[in-house]
file start19.csv (CSV, C-alpha atoms)
chain,number,residue,atom,x,y,z
A,1,MET,CA,-42.2,-16.6,-34.7
A,2,SER,CA,-41.5,-18.1,-31.3
A,3,PHE,CA,-39.2,-15.2,-30.6
A,4,LYS,CA,-41.9,-12.7,-31.2
A,5,VAL,CA,-44.3,-14.6,-28.9
A,6,PHE,CA,-41.8,-14.7,-26.0
A,7,SER,CA,-40.1,-11.3,-26.5
A,8,PRO,CA,-42.4,-9.5,-24.0
A,9,LEU,CA,-41.6,-12.1,-21.4
A,10,ILE,CA,-37.9,-11.7,-22.1
A,11,LYS,CA,-38.1,-7.9,-21.9
A,12,PHE,CA,-39.9,-8.3,-18.5
A,13,VAL,CA,-37.3,-10.6,-17.1
A,14,VAL,CA,-34.5,-8.3,-18.3
A,15,ALA,CA,-36.2,-5.2,-16.9
A,16,THR,CA,-36.8,-7.0,-13.6
A,17,GLN,CA,-33.1,-8.0,-13.3
A,18,CYS,CA,-32.1,-4.4,-14.0
A,19,ILE,CA,-34.4,-3.1,-11.3
A,20,VAL,CA,-32.9,-5.6,-8.8
A,21,LEU,CA,-29.4,-4.5,-9.9
A,22,LEU,CA,-30.2,-0.9,-9.4
A,23,PHE,CA,-31.7,-1.6,-6.0
A,24,THR,CA,-28.6,-3.4,-5.0
A,25,VAL,CA,-26.3,-0.7,-6.2
A,26,ALA,CA,-28.3,2.0,-4.4
A,27,HIS,CA,-27.7,0.2,-1.2
A,28,SER,CA,-24.0,-0.7,-1.7
A,29,TYR,CA,-21.3,0.9,0.5
A,30,ASP,CA,-17.7,0.1,1.4
A,31,PHE,CA,-17.4,1.2,5.1
A,32,PHE,CA,-18.9,3.5,7.7
A,33,TYR,CA,-17.9,6.8,9.2
A,34,VAL,CA,-18.6,6.8,12.9
A,35,VAL,CA,-18.9,10.6,13.7
A,36,GLN,CA,-18.8,12.1,17.1
A,37,GLN,CA,-19.2,15.8,17.9
A,38,TRP,CA,-18.0,18.1,20.7
A,39,PRO,CA,-21.1,19.8,22.2
A,40,GLY,CA,-19.1,22.9,23.2
A,41,SER,CA,-18.3,23.6,19.6
A,42,TYR,CA,-21.8,22.9,18.4
A,43,CYS,CA,-23.1,25.5,20.8
A,44,ASP,CA,-20.4,28.1,20.5
A,45,THR,CA,-21.5,29.4,17.1
A,46,SER,CA,-23.7,32.2,16.0
A,47,GLN,CA,-26.6,29.8,15.8
A,48,SER,CA,-26.1,28.6,19.4
A,49,CYS,CA,-27.9,25.5,20.6
A,50,CYS,CA,-30.7,24.2,22.7
A,51,TYR,CA,-30.3,21.5,25.4
A,52,PRO,CA,-32.5,18.5,25.1
A,53,THR,CA,-35.6,18.2,27.2
A,54,THR,CA,-33.8,15.7,29.4
A,55,GLY,CA,-31.4,18.5,30.5
A,56,LYS,CA,-27.8,19.6,29.6
A,57,PRO,CA,-25.7,16.8,28.3
A,58,THR,CA,-22.5,15.8,30.0
A,59,ALA,CA,-19.3,17.5,28.8
A,60,ASP,CA,-18.3,14.6,26.5
A,61,PHE,CA,-18.3,13.8,22.8
A,62,GLY,CA,-21.7,12.7,21.6
A,63,VAL,CA,-22.5,10.4,18.7
A,64,HIS,CA,-23.6,12.3,15.5
A,65,GLY,CA,-24.1,9.2,13.4
A,66,LEU,CA,-22.9,6.0,11.8
A,67,TRP,CA,-22.8,6.7,8.0
A,68,PRO,CA,-22.3,4.2,5.2
A,69,ASN,CA,-19.8,5.5,2.7
A,70,ASN,CA,-18.0,4.5,-0.4
A,71,ASP,CA,-14.3,4.4,-1.1
A,72,ASP,CA,-14.7,7.1,-3.9
A,73,GLY,CA,-16.3,9.5,-1.4
A,74,SER,CA,-19.9,9.0,-2.5
A,75,TYR,CA,-22.5,7.7,-0.1
A,76,PRO,CA,-26.0,6.2,-0.2
A,77,SER,CA,-28.9,7.9,1.6
A,78,ASN,CA,-32.6,7.4,2.3
A,79,CYS,CA,-32.5,3.8,1.1
A,80,ASP,CA,-35.8,2.4,2.5
A,81,ALA,CA,-38.9,4.5,2.9
A,82,ASP,CA,-40.7,1.5,4.3
A,83,SER,CA,-38.4,1.3,7.3
A,84,PRO,CA,-39.1,4.4,9.5
A,85,PHE,CA,-37.5,4.9,12.9
A,86,ASP,CA,-39.4,2.8,15.5
A,87,GLU,CA,-38.7,3.8,19.1
A,88,SER,CA,-40.1,0.4,20.3
A,89,LYS,CA,-37.2,-1.4,18.6
A,90,VAL,CA,-34.6,0.5,20.5
A,91,GLN,CA,-36.4,1.0,23.8
A,92,ASP,CA,-33.7,-0.6,25.9
A,93,LEU,CA,-31.1,1.7,24.3
A,94,ILE,CA,-33.0,5.0,24.9
A,95,PRO,CA,-31.3,5.9,28.2
A,96,SER,CA,-27.9,5.4,26.7
A,97,MET,CA,-28.9,7.3,23.5
A,98,GLN,CA,-30.2,10.2,25.6
A,99,GLN,CA,-26.8,10.3,27.4
A,100,ASN,CA,-24.4,9.5,24.5
A,101,TRP,CA,-26.4,10.6,21.4
A,102,PRO,CA,-28.1,13.8,22.6
A,103,THR,CA,-29.8,16.4,20.3
A,104,LEU,CA,-28.6,20.0,20.6
A,105,ALA,CA,-30.8,21.4,17.8
A,106,CYS,CA,-33.4,24.1,18.5
A,107,PRO,CA,-36.1,24.0,19.6
A,108,SER,CA,-35.4,21.6,22.5
A,109,GLY,CA,-36.4,18.0,21.7
A,110,ASP,CA,-36.3,14.5,23.2
A,111,GLY,CA,-33.9,13.1,20.6
A,112,ILE,CA,-36.6,11.2,18.6
A,113,GLN,CA,-36.4,13.6,15.6
A,114,PHE,CA,-32.6,13.4,15.5
A,115,TRP,CA,-32.4,9.6,15.8
A,116,SER,CA,-35.2,9.3,13.2
A,117,HIS,CA,-33.2,11.4,10.8
A,118,GLU,CA,-30.0,9.4,11.3
A,119,TRP,CA,-31.8,6.1,10.9
A,120,GLU,CA,-33.8,7.0,7.9
A,121,LYS,CA,-31.0,8.9,6.0
A,122,HIS,CA,-28.1,6.6,6.9
A,123,GLY,CA,-29.2,3.5,8.8
A,124,THR,CA,-31.6,2.3,6.2
A,125,CYS,CA,-28.7,2.0,3.8
A,126,SER,CA,-26.9,-0.6,5.9
A,127,GLU,CA,-29.9,-2.9,6.7
A,128,SER,CA,-28.0,-5.7,5.0
A,129,ALA,CA,-25.6,-5.7,7.9
A,130,LEU,CA,-27.4,-4.0,10.8
A,131,ASP,CA,-31.1,-3.9,11.8
A,132,GLN,CA,-32.4,-0.9,13.6
A,133,HIS,CA,-31.4,-2.0,17.0
A,134,GLY,CA,-28.0,-3.2,15.8
A,135,TYR,CA,-27.4,0.1,14.1
A,136,PHE,CA,-27.8,2.2,17.2
A,137,GLU,CA,-26.2,-0.3,19.5
A,138,ALA,CA,-23.1,-0.4,17.2
A,139,ALA,CA,-22.7,3.4,17.2
A,140,LEU,CA,-23.0,3.6,20.9
A,141,GLY,CA,-20.4,0.8,21.3
A,142,PHE,CA,-17.9,2.6,19.1
A,143,LYS,CA,-18.4,5.8,21.2
A,144,SER,CA,-17.6,3.9,24.3
A,145,GLN,CA,-14.7,2.0,22.7
A,146,THR,CA,-12.9,5.1,21.4
A,147,ASN,CA,-13.4,7.3,24.4
A,148,LEU,CA,-12.2,10.4,22.6
A,149,LEU,CA,-12.3,12.8,25.5
A,150,LYS,CA,-10.0,10.5,27.5
A,151,ALA,CA,-7.6,10.1,24.5
A,152,LEU,CA,-7.3,13.9,24.2
A,153,THR,CA,-7.1,14.8,27.9
A,154,SER,CA,-4.5,12.0,28.4
A,155,ALA,CA,-2.3,13.9,25.9
A,156,GLY,CA,-2.8,17.2,27.7
A,157,ILE,CA,-5.5,18.5,25.3
A,158,ASN,CA,-8.3,19.8,27.5
A,159,PRO,CA,-11.6,21.5,26.7
A,160,ASP,CA,-10.9,24.7,28.5
A,161,GLY,CA,-10.7,27.1,25.6
A,162,SER,CA,-7.0,26.4,24.8
A,163,SER,CA,-5.8,26.0,21.2
A,164,TYR,CA,-3.8,23.2,19.7
A,165,THR,CA,-2.5,22.2,16.2
A,166,ILE,CA,-4.4,19.6,14.2
A,167,ASN,CA,-1.4,17.2,14.4
A,168,GLN,CA,-1.5,17.4,18.2
A,169,ILE,CA,-5.2,16.5,18.1
A,170,LYS,CA,-4.9,13.7,15.5
A,171,ASP,CA,-1.9,12.2,17.2
A,172,ALA,CA,-3.6,12.1,20.5
A,173,ILE,CA,-6.6,10.3,19.1
A,174,LYS,CA,-4.5,7.9,17.1
A,175,GLU,CA,-2.5,7.1,20.3
A,176,GLY,CA,-5.7,6.5,22.2
A,177,THR,CA,-7.7,4.6,19.6
A,178,GLY,CA,-5.1,3.1,17.3
A,179,PHE,CA,-6.6,4.8,14.3
A,180,THR,CA,-6.0,8.1,12.4
A,181,PRO,CA,-9.1,10.3,12.5
A,182,PHE,CA,-10.4,13.0,10.3
A,183,ILE,CA,-11.0,16.3,12.2
A,184,GLU,CA,-13.8,18.6,11.2
A,185,CYS,CA,-13.7,22.2,12.5
A,186,ASN,CA,-16.3,24.9,12.7
A,187,LYS,CA,-16.0,28.5,13.8
A,188,ASP,CA,-17.0,30.3,16.9
A,189,GLU,CA,-18.8,33.6,17.0
A,190,SER,CA,-15.4,35.4,16.7
A,191,GLY,CA,-14.3,33.3,13.7
A,192,ASN,CA,-11.9,31.1,15.5
A,193,SER,CA,-11.4,27.5,14.2
A,194,GLN,CA,-12.6,25.0,16.8
A,195,LEU,CA,-12.7,21.2,17.2
A,196,TYR,CA,-16.2,20.2,16.1
A,197,GLN,CA,-16.4,16.6,14.9
A,198,VAL,CA,-14.1,13.5,14.8
A,199,TYR,CA,-14.5,10.9,12.1
A,200,LEU,CA,-13.2,7.3,12.5
A,201,CYS,CA,-14.0,4.4,10.2
A,202,VAL,CA,-15.7,1.0,10.6
A,203,ASP,CA,-15.8,-2.0,8.3
A,204,LYS,CA,-19.0,-2.6,6.3
A,205,SER,CA,-20.2,-5.2,8.7
A,206,GLY,CA,-20.4,-2.5,11.4
A,207,ALA,CA,-18.3,-4.6,13.7
A,208,ASN,CA,-14.7,-3.3,13.7
A,209,LEU,CA,-12.8,-0.1,13.5
A,210,ILE,CA,-10.5,0.2,10.5
A,211,GLN,CA,-8.1,2.7,9.0
A,212,CYS,CA,-10.1,5.1,6.9
A,213,PRO,CA,-10.0,4.3,3.1
A,214,THR,CA,-10.8,8.0,2.4
A,215,PHE,CA,-11.5,11.2,4.3
A,216,PRO,CA,-14.1,13.9,3.8
A,217,HIS,CA,-12.9,17.2,2.4
A,218,GLY,CA,-12.3,20.2,4.6
A,219,LYS,CA,-9.6,21.8,6.7
A,220,CYS,CA,-9.1,23.6,10.0
A,221,GLY,CA,-7.1,26.6,10.9
A,222,SER,CA,-3.5,26.4,12.1
A,223,GLN,CA,-4.7,26.7,15.7
A,224,ILE,CA,-7.8,24.8,16.8
A,225,GLU,CA,-9.7,25.8,19.9
A,226,PHE,CA,-11.1,23.2,22.2
A,227,PRO,CA,-13.9,25.1,23.9
A,228,SER,CA,-15.5,24.2,27.3
A,229,PHE,CA,-19.1,23.0,27.6
call {"tool": "encode", "arguments": {"input": "start19.csv", "output": "structure tokens"}}
result
Amino acid sequence: MSFKVFSPLIKFVVATQCIVLLFTVAHSYDFFYVVQQWPGSYCDTSQSCCYPTTGKPTADFGVHGLWPNNDDGSYPSNCDADSPFDESKVQDLIPSMQQNWPTLACPSGDGIQFWSHEWEKHGTCSESALDQHGYFEAALGFKSQTNLLKALTSAGINPDGSSYTINQIKDAIKEGTGFTPFIECNKDESGNSQLYQVYLCVDKSGANLIQCPTFPHGKCGSQIEFPSF
């Protein structure tokens, strides 16, 4: 008799625990990809590009994002609809974001839409480790720390339209950063494989570079062009 009286309460408690568990699982991740893109390859496609309203970015790798990921290759996304991008929370970072995290999408923009997308799709899934300011600050810090263009040019790999093997590119970045990257290629208007994005990995606290537990899928051609910008 007493079981029947309390069974609705028991069901409620169990249901609540399940909801909490699902919420926690939805926000779980094992590490981050910090992804940087070469603007020359973004623009040298059939879709082309549009410079931001602040002007043409410098000829350097720019941040694409800091993406929570799982060891099995899956990843969480859009984890907190109640936490939209708030420019006021990163106001002191805006000049650095304009320089190091520029938008190249068309039509020309000021970066707000790009940064909003990155925060709302990816950043909200790492709020247990990084608040909004911490998220953008961390990504900018890893861009500065890795200095991919210096790593490549120091190895004689220059953005002048020359072509290189993927091992030459990966070895140069590993030598410069201490970590093995994943290289993503796209194709120019002539169908040539070109260096597009570089993936490195960060621990789940968002504090330290690590060797990547897993890499995305995809491959490049035998010769990879490094276009000018």
call {"tool": "residues_around", "arguments": {"input": "start19.csv", "residues": "range 148-151 of chain A", "least_positions_apart": "2", "cutoff": "9 Å", "atoms": "only C-alpha atoms", "output": "PDB file with C-alpha atoms, in the frame of the given file"}}
result
ATOM      1  CA  GLN A  36     -18.800  12.100  17.100  1.00  0.00           C
ATOM      2  CA  ASP A  60     -18.300  14.600  26.500  1.00  0.00           C
ATOM      3  CA  PHE A  61     -18.300  13.800  22.800  1.00  0.00           C
ATOM      4  CA  LYS A 143     -18.400   5.800  21.200  1.00  0.00           C
ATOM      5  CA  SER A 144     -17.600   3.900  24.300  1.00  0.00           C
ATOM      6  CA  GLN A 145     -14.700   2.000  22.700  1.00  0.00           C
ATOM      7  CA  THR A 146     -12.900   5.100  21.400  1.00  0.00           C
ATOM      8  CA  THR A 153      -7.100  14.800  27.900  1.00  0.00           C
ATOM      9  CA  SER A 154      -4.500  12.000  28.400  1.00  0.00           C
ATOM     10  CA  ALA A 155      -2.300  13.900  25.900  1.00  0.00           C
ATOM     11  CA  ILE A 157      -5.500  18.500  25.300  1.00  0.00           C
ATOM     12  CA  ASN A 158      -8.300  19.800  27.500  1.00  0.00           C
ATOM     13  CA  PRO A 159     -11.600  21.500  26.700  1.00  0.00           C
ATOM     14  CA  ALA A 172      -3.600  12.100  20.500  1.00  0.00           C
ATOM     15  CA  ILE A 173      -6.600  10.300  19.100  1.00  0.00           C
ATOM     16  CA  LYS A 174      -4.500   7.900  17.100  1.00  0.00           C
ATOM     17  CA  GLU A 175      -2.500   7.100  20.300  1.00  0.00           C
ATOM     18  CA  GLY A 176      -5.700   6.500  22.200  1.00  0.00           C
ATOM     19  CA  THR A 177      -7.700   4.600  19.600  1.00  0.00           C
ATOM     20  CA  VAL A 198     -14.100  13.500  14.800  1.00  0.00           C
TER      21      VAL A 198
END
call {"tool": "residues_around", "arguments": {"input": "start19.csv", "residues": "Ala105 in chain A", "least_positions_apart": "2", "cutoff": "12 Å", "atoms": "only C-alpha atoms", "output": "PyMOL selection string"}}
result
chain A and resi 39+42-43+47-53+64+102-103+107-114
call {"tool": "atom_distance", "arguments": {"input": "start19.csv", "atom1": "CA of Ala59 in chain A", "atom2": "CA of Ser46 in chain A"}}
result
20.0 Å
call {"tool": "residues_around", "arguments": {"input": "start19.csv", "residues": "range 69-79 of chain A", "least_positions_apart": "4", "cutoff": "8 Å", "atoms": "only C-alpha atoms", "output": "PDB file with C-alpha atoms, in the coordinates of the input"}}
result
ATOM      1  CA  ALA A  26     -28.300   2.000  -4.400  1.00  0.00           C
ATOM      2  CA  HIS A  27     -27.700   0.200  -1.200  1.00  0.00           C
ATOM      3  CA  SER A  28     -24.000  -0.700  -1.700  1.00  0.00           C
ATOM      4  CA  TYR A  29     -21.300   0.900   0.500  1.00  0.00           C
ATOM      5  CA  ASP A  30     -17.700   0.100   1.400  1.00  0.00           C
ATOM      6  CA  PHE A  31     -17.400   1.200   5.100  1.00  0.00           C
ATOM      7  CA  PHE A  32     -18.900   3.500   7.700  1.00  0.00           C
ATOM      8  CA  TYR A  33     -17.900   6.800   9.200  1.00  0.00           C
ATOM      9  CA  GLU A 120     -33.800   7.000   7.900  1.00  0.00           C
ATOM     10  CA  LYS A 121     -31.000   8.900   6.000  1.00  0.00           C
ATOM     11  CA  HIS A 122     -28.100   6.600   6.900  1.00  0.00           C
ATOM     12  CA  THR A 124     -31.600   2.300   6.200  1.00  0.00           C
ATOM     13  CA  CYS A 125     -28.700   2.000   3.800  1.00  0.00           C
ATOM     14  CA  PRO A 213     -10.000   4.300   3.100  1.00  0.00           C
ATOM     15  CA  THR A 214     -10.800   8.000   2.400  1.00  0.00           C
ATOM     16  CA  PHE A 215     -11.500  11.200   4.300  1.00  0.00           C
ATOM     17  CA  PRO A 216     -14.100  13.900   3.800  1.00  0.00           C
TER      18      PRO A 216
END
call {"tool": "closest_residue", "arguments": {"input": "start19.csv", "among": "A:Tyr199, A:Trp119, A:Tyr135, A:Phe142", "to": "Thr180 in chain A", "atoms": "all atoms listed in the file"}}
result
A:Tyr199
